[in-house]
Amino acid sequence: MTDEGHATGFAPIAEHGVIGDMRTAALVATDGAIDWFCCPQFDSPSVFGSIVGADRGGSWKIAPESHVDSHQQFYVPDSNVLITRFLTDDGVVEIHDFMPILRSHDPEHRQRLVRKVVSVRGSMRMRADVAPRFDYGRAQHRTTRGQYQVTFRGPGLTLALNSSVAQRIDEHGDAHAEFEMSDGSTEVFVLEVLGQDAEPGPGGRTTAEVDELFLGTVAFWREWLGNSSYRGRWRETVNRSALVLKLLTHEPSGSMIAAPTTSLPERLGGTRNWDYRYVWLRDAAFSLSSLLRLGFIDEADAFMTWMTCRFAEVSDSAAGPLHVMYDVDCRRDLTEISLDHWAGHRGARPVRIGNDAVDQLQLDIYGEIIDAVYLFNKHGRPITHDSWLDLIGMVDWLQDNWDRADSGIWESRAGPRRHTFSRLMSWVAFERVVQIARQRGLPGNLESWVRTRDKIYWQIMSDGWSEKRQAFVQHYDEDVLDASLLLMPMMEFVAPTDPRFLSTLDAITENLVTDSLVFRYDYRGSPDGLDEAEGTFSICSFWYVEALTRAGRLEDARLVLEKMFTYANHLGLYAEQIGLTGDQLGNFPQAFTHLSLISATMNLDRALG
């Protein structure tokens, strides 16, 4: 099949589960294909990428050879171990997919993709096809075979496939196996990620070895989740979102990526296709807040350690001391390029790696970061002396730069504007640093910080408010609404029942909300450099729930929240956006969506008593 023909044959974004080992992740489609896997890290080049690269992307599929009547997919409860079930006329078979994790910060961690095939009942013939495409499909690989082991060697990387069934190799260096499954039988496949010159161990894998890894991995996730303090109405939903956030945490560094994929489209057939496999300071700071709410102090501590290391870095960028994003190794060279040899998911091109937004000025990140420091200092562990000095340096820079035009929270590529949300979060930065200093008795130029805070407040109330719209607006130049301003009461800038906020909430409800789904803004009224529509933003929908909750509109908030739950996929996972037909759109799963779900759910739970 050609790339063009495959472009309409992808499994939809929603038809996937995710597995991972807190170093990288893989997407598993309901048809049994692993069609996205980068290794050894989230932002490494892919070896399986057919979700955006079609035949040239590579995949690993295990499925019955006979017709499949239906698929089912679910997680082992309270874990990130995934089960895909096939129902056929001949019987039922399952694939148990996971990446083994036996303990936190394991110095002996081995990166493996494990696939255990189990016949539940009946008999059927199965087929396994392993077709890696190294370096986003740009590099050739060499394949060697033993009876139960196949080794794929590409640039900088070796993959060793050990299995309980014999493999054959085709002319492309791909591995294939056909095998019979009878009632109660089991076959296993283990793909291990090794260095370029590493030699794999002995071939073959026993069911007992894989069972031990399975039980150990389930125990790891359950033990971690057992530390959650949430016992509310929507516990299962919140737990799944917490497991997603943990899965997207890069354990060696303590950072958290935005999503494990690149270029899953925000509009089918469109060009809003971005690489999200990086650490957005904004997303990660909000994630820290959600983890603290759930009682995960160690994760918050690890991220805070990573983030405070960024405070101390010296940058000569006009965008200030911090960059919008980093890769998991803290590099800032994320030059954006297009993979023109790939078809794109359902024809959405270009497929991008890297992200040029790294060099944008986005002033709101300073407020989100300092708010996270404030919450961690209050609910986690006190800020250190050196970190406080670095924070003062960052605040000093912000005092001189908060009133600049910037690209804003939505990373507009249409040029800088004077965004109200950027001013709001600058106000948060000064308000929180003053509170930290007063709570701890720490030294700082409090009088100057307070003057700047108040100046920002009055400016927002004057220039960010539109008498015509009777609402706070996106930027000072035009009367465009923006769903990010739903955060105003959450950030304690205005009271949730302040007439100005209630009027803004009503305006957003009338103009940006369709049922329970919320657009971030009207792209026609506020051009962002891409002349095309997009889906509704799920994080904005959960912000809407929280705004309704804080405004005392609890029945409305509960209905919107319950409706939003129905837009999750079959596993409770969300991408970045939801299309008007209910499709999941954008990179998947999206940390931003899941962290806002946690916040909205917990606030509504508390308000309902």
# chains A, B, ... in the order shown; residues from 1 in each chain; ligands from 1
$ residues_around --residues "Ile51 (chain A)" --least-positions-apart "4" --cutoff "9 Å" --atoms "only C-alpha atoms" --output "list in words"
Phe10, Ala11, Pro12, Ile13, Leu27, Ile34, Asp35, Trp36, Gly57, Gly58, Ser59, Leu264, Gly344, His345 and Arg346 of chain A
$ write_last_selection --atoms "N, CA and C atoms" --output "PDB file, in the first residue's frame"
ATOM      1  N   PHE A  10      -5.376   5.079   8.526  1.00  0.00           N
ATOM      2  CA  PHE A  10      -4.819   5.083   9.860  1.00  0.00           C
ATOM      3  C   PHE A  10      -5.892   4.744  10.887  1.00  0.00           C
ATOM      4  N   ALA A  11      -5.499   4.108  11.960  1.00  0.00           N
ATOM      5  CA  ALA A  11      -6.380   4.040  13.122  1.00  0.00           C
ATOM      6  C   ALA A  11      -6.552   5.456  13.641  1.00  0.00           C
ATOM      7  N   PRO A  12      -7.785   5.895  13.908  1.00  0.00           N
ATOM      8  CA  PRO A  12      -7.989   7.242  14.438  1.00  0.00           C
ATOM      9  C   PRO A  12      -7.192   7.459  15.718  1.00  0.00           C
ATOM     10  N   ILE A  13      -6.903   8.713  16.020  1.00  0.00           N
ATOM     11  CA  ILE A  13      -6.129   9.047  17.212  1.00  0.00           C
ATOM     12  C   ILE A  13      -6.744   8.421  18.458  1.00  0.00           C
ATOM     13  N   LEU A  27       2.405   4.130  21.412  1.00  0.00           N
ATOM     14  CA  LEU A  27       0.967   4.078  21.170  1.00  0.00           C
ATOM     15  C   LEU A  27       0.615   2.720  20.578  1.00  0.00           C
ATOM     16  N   ILE A  34       1.543  -1.350  17.134  1.00  0.00           N
ATOM     17  CA  ILE A  34       2.301  -0.267  17.769  1.00  0.00           C
ATOM     18  C   ILE A  34       2.762   0.626  16.629  1.00  0.00           C
ATOM     19  N   ASP A  35       2.119   1.790  16.510  1.00  0.00           N
ATOM     20  CA  ASP A  35       2.391   2.657  15.356  1.00  0.00           C
ATOM     21  C   ASP A  35       3.065   3.963  15.751  1.00  0.00           C
ATOM     22  N   TRP A  36       3.512   4.073  17.006  1.00  0.00           N
ATOM     23  CA  TRP A  36       4.363   5.196  17.404  1.00  0.00           C
ATOM     24  C   TRP A  36       5.241   4.757  18.561  1.00  0.00           C
ATOM     25  N   GLY A  57       6.800   4.745   7.906  1.00  0.00           N
ATOM     26  CA  GLY A  57       7.002   5.074   9.318  1.00  0.00           C
ATOM     27  C   GLY A  57       7.402   3.898  10.174  1.00  0.00           C
ATOM     28  N   GLY A  58       7.013   2.678   9.765  1.00  0.00           N
ATOM     29  CA  GLY A  58       7.315   1.503  10.548  1.00  0.00           C
ATOM     30  C   GLY A  58       6.257   1.212  11.592  1.00  0.00           C
ATOM     31  N   SER A  59       6.073  -0.087  11.894  1.00  0.00           N
ATOM     32  CA  SER A  59       5.107  -0.492  12.909  1.00  0.00           C
ATOM     33  C   SER A  59       5.416  -1.905  13.373  1.00  0.00           C
ATOM     34  N   LEU A 264       0.359  14.989  15.244  1.00  0.00           N
ATOM     35  CA  LEU A 264      -1.024  14.550  15.159  1.00  0.00           C
ATOM     36  C   LEU A 264      -1.868  15.805  15.000  1.00  0.00           C
ATOM     37  N   GLY A 344       1.835  12.033   6.719  1.00  0.00           N
ATOM     38  CA  GLY A 344       1.042  12.731   7.721  1.00  0.00           C
ATOM     39  C   GLY A 344      -0.193  11.942   8.100  1.00  0.00           C
ATOM     40  N   HIS A 345      -0.653  12.121   9.333  1.00  0.00           N
ATOM     41  CA  HIS A 345      -1.819  11.379   9.803  1.00  0.00           C
ATOM     42  C   HIS A 345      -3.055  11.766   8.998  1.00  0.00           C
ATOM     43  N   ARG A 346      -3.588  10.784   8.273  1.00  0.00           N
ATOM     44  CA  ARG A 346      -4.763  11.009   7.415  1.00  0.00           C
ATOM     45  C   ARG A 346      -4.546  12.210   6.494  1.00  0.00           C
TER      46      ARG A 346
END
$ closest_atom_pairs --of "region 27-99 of chain A" --to "region 349-371 of chain A" --cutoff "12 Å" --atoms "only C-alpha atoms" --output "tab-separated table"
residue	atom	partner	partner_atom	distance
A:Asp43	CA	A:Ile353	CA	9.0
A:Ser44	CA	A:Ile353	CA	10.2
A:Pro45	CA	A:Ile353	CA	9.1
A:Ser46	CA	A:Ile353	CA	10.6
A:Gly49	CA	A:Val351	CA	11.0
A:Ser50	CA	A:Val351	CA	11.7
A:Ile51	CA	A:Val351	CA	10.8
A:Val52	CA	A:Val351	CA	7.2
A:Gly53	CA	A:Val351	CA	8.3
A:Ala54	CA	A:Val351	CA	11.6
A:Gly57	CA	A:Val351	CA	11.4
$ write_last_selection --atoms "C-alpha atoms" --output "JSON list (two decimals), in the first residue's frame"
[["chain", "number", "residue", "atom", "x", "y", "z"],
["A", 43, "ASP", "CA", 12.12, 13.04, 21.89],
["A", 44, "SER", "CA", 14.43, 10.51, 20.23],
["A", 45, "PRO", "CA", 13.87, 9.65, 16.56],
["A", 46, "SER", "CA", 11.06, 7.17, 16.01],
["A", 49, "GLY", "CA", 5.99, 5.95, 13.24],
["A", 50, "SER", "CA", 3.23, 4.77, 10.91],
["A", 51, "ILE", "CA", 0.60, 6.88, 12.72],
["A", 52, "VAL", "CA", 2.09, 9.84, 10.82],
["A", 53, "GLY", "CA", 4.44, 8.11, 8.37],
["A", 54, "ALA", "CA", 2.25, 5.38, 6.85],
["A", 57, "GLY", "CA", 7.00, 5.07, 9.32]]
$ residues_around --residues "Pro200 (chain A)" --least-positions-apart "6" --cutoff "10 Å" --atoms "only C-alpha atoms" --output "count of residues only"
11
$ select_by_dssp --residues "region 510-594 of chain A" --states "helix (DSSP H, G or I)" --output "ChimeraX atom specification"
/A:510-511,538-550,554-566,591-594
$ closest_residue --among "A:Ser516, A:Thr24, A:Ser503, A:Ser66" --to "Leu580 (chain A)" --atoms "only C-alpha atoms"
A:Ser516
$ closest_residue --among "A:His250, A:His419, A:Phe588, A:Phe214" --to "Trp274 (chain A)" --atoms "only C-alpha atoms"
A:Phe588
$ atom_distance --atom1 "CA of Glu209 (chain A)" --atom2 "CA of Lys246 (chain A)"
25.6 Å
$ residues_around --residues "Gly32 (chain A)" --least-positions-apart "6" --cutoff "12 Å" --atoms "only C-alpha atoms" --output "PyMOL selection string"
chain A and resi 11+15-17+59-65+68+70-73+82-86+93-97+115-117+126-130
$ residues_around --residues "Ala208 (chain A)" --least-positions-apart "6" --cutoff "12 Å" --atoms "only C-alpha atoms" --output "list of chain:residue names"
A:Lys116, A:Ser164, A:Thr186, A:Glu187, A:Val188, A:Phe214, A:Leu215
$ write_last_selection --atoms "C-alpha atoms" --output "PDB file, in the first residue's frame"
ATOM      1  CA  LYS A 116       2.283 -11.245  25.632  1.00  0.00           C
ATOM      2  CA  SER A 164       8.936 -17.730  21.979  1.00  0.00           C
ATOM      3  CA  THR A 186       0.627 -18.129  25.469  1.00  0.00           C
ATOM      4  CA  GLU A 187       3.395 -16.697  23.281  1.00  0.00           C
ATOM      5  CA  VAL A 188       5.691 -13.826  24.214  1.00  0.00           C
ATOM      6  CA  PHE A 214       4.036  -8.220  34.161  1.00  0.00           C
ATOM      7  CA  LEU A 215       3.302  -8.657  37.860  1.00  0.00           C
TER       8      LEU A 215
END
$ residues_around --residues "Gly91 (chain A)" --least-positions-apart "4" --cutoff "9 Å" --atoms "only C-alpha atoms" --output "PyMOL selection string"
chain A and resi 86-87+119-124+183
$ write_last_selection --atoms "C-alpha atoms" --output "PDB file, in the first residue's frame"
ATOM      1  CA  PHE A  86      -9.732  -9.580  19.585  1.00  0.00           C
ATOM      2  CA  LEU A  87     -13.088 -11.303  19.177  1.00  0.00           C
ATOM      3  CA  SER A 119      -5.528 -17.351  23.908  1.00  0.00           C
ATOM      4  CA  VAL A 120      -8.605 -16.904  26.069  1.00  0.00           C
ATOM      5  CA  ARG A 121     -10.690 -19.532  24.277  1.00  0.00           C
ATOM      6  CA  GLY A 122     -10.862 -21.204  20.910  1.00  0.00           C
ATOM      7  CA  SER A 123      -8.070 -21.649  18.381  1.00  0.00           C
ATOM      8  CA  MET A 124      -6.770 -19.281  15.742  1.00  0.00           C
ATOM      9  CA  ASP A 183      -7.263 -22.555  24.153  1.00  0.00           C
TER      10      ASP A 183
END
$ residues_around --residues "region 429-444 of chain A" --least-positions-apart "5" --cutoff "10 Å" --atoms "only C-alpha atoms" --output "compact mmCIF listing (two decimals) with C-alpha atoms, in the first residue's frame"
# COMPACT_ATOMS: atom_id res chain seq x y z
CA ASP A 364 2.91 34.12 31.00
CA ILE A 365 5.41 31.33 31.77
CA TYR A 366 6.96 33.46 34.53
CA GLY A 367 3.68 33.64 36.40
CA GLU A 368 2.98 29.94 36.02
CA ILE A 369 6.43 29.00 37.23
CA ILE A 370 6.44 31.33 40.22
CA ASP A 371 2.93 30.18 41.13
CA ALA A 372 4.24 26.59 41.09
CA VAL A 373 7.15 27.61 43.32
CA TYR A 374 4.67 29.30 45.68
CA LEU A 375 2.50 26.17 45.90
CA ASN A 377 6.93 26.18 49.07
CA LYS A 378 3.53 26.07 50.80
CA PRO A 382 10.67 25.18 51.40
CA ILE A 383 12.58 26.94 48.66
CA HIS A 385 18.49 30.06 49.57
CA TRP A 388 15.46 32.16 46.04
CA LEU A 389 18.36 34.27 44.76
CA LEU A 391 14.13 33.60 41.53
CA ILE A 392 14.86 37.21 42.50
CA MET A 394 14.16 36.27 37.25
CA VAL A 395 11.68 38.68 38.88
CA LEU A 398 10.33 40.56 34.55
CA GLN A 399 10.05 44.01 36.15
CA ARG A 423 -0.21 40.52 31.90
CA LEU A 424 -2.44 38.45 34.19
CA TRP A 449 7.40 44.26 43.52
CA VAL A 450 4.13 45.48 45.03
CA ARG A 451 4.22 48.67 42.95
CA THR A 452 4.73 46.64 39.78
CA ARG A 453 2.00 44.20 40.76
CA ASP A 454 -0.47 47.03 41.30
CA ILE A 456 -0.24 45.58 36.13
CA MET A 491 -5.33 32.88 39.90
CA GLU A 492 -7.12 35.08 42.50
CA PHE A 493 -6.89 38.15 40.30
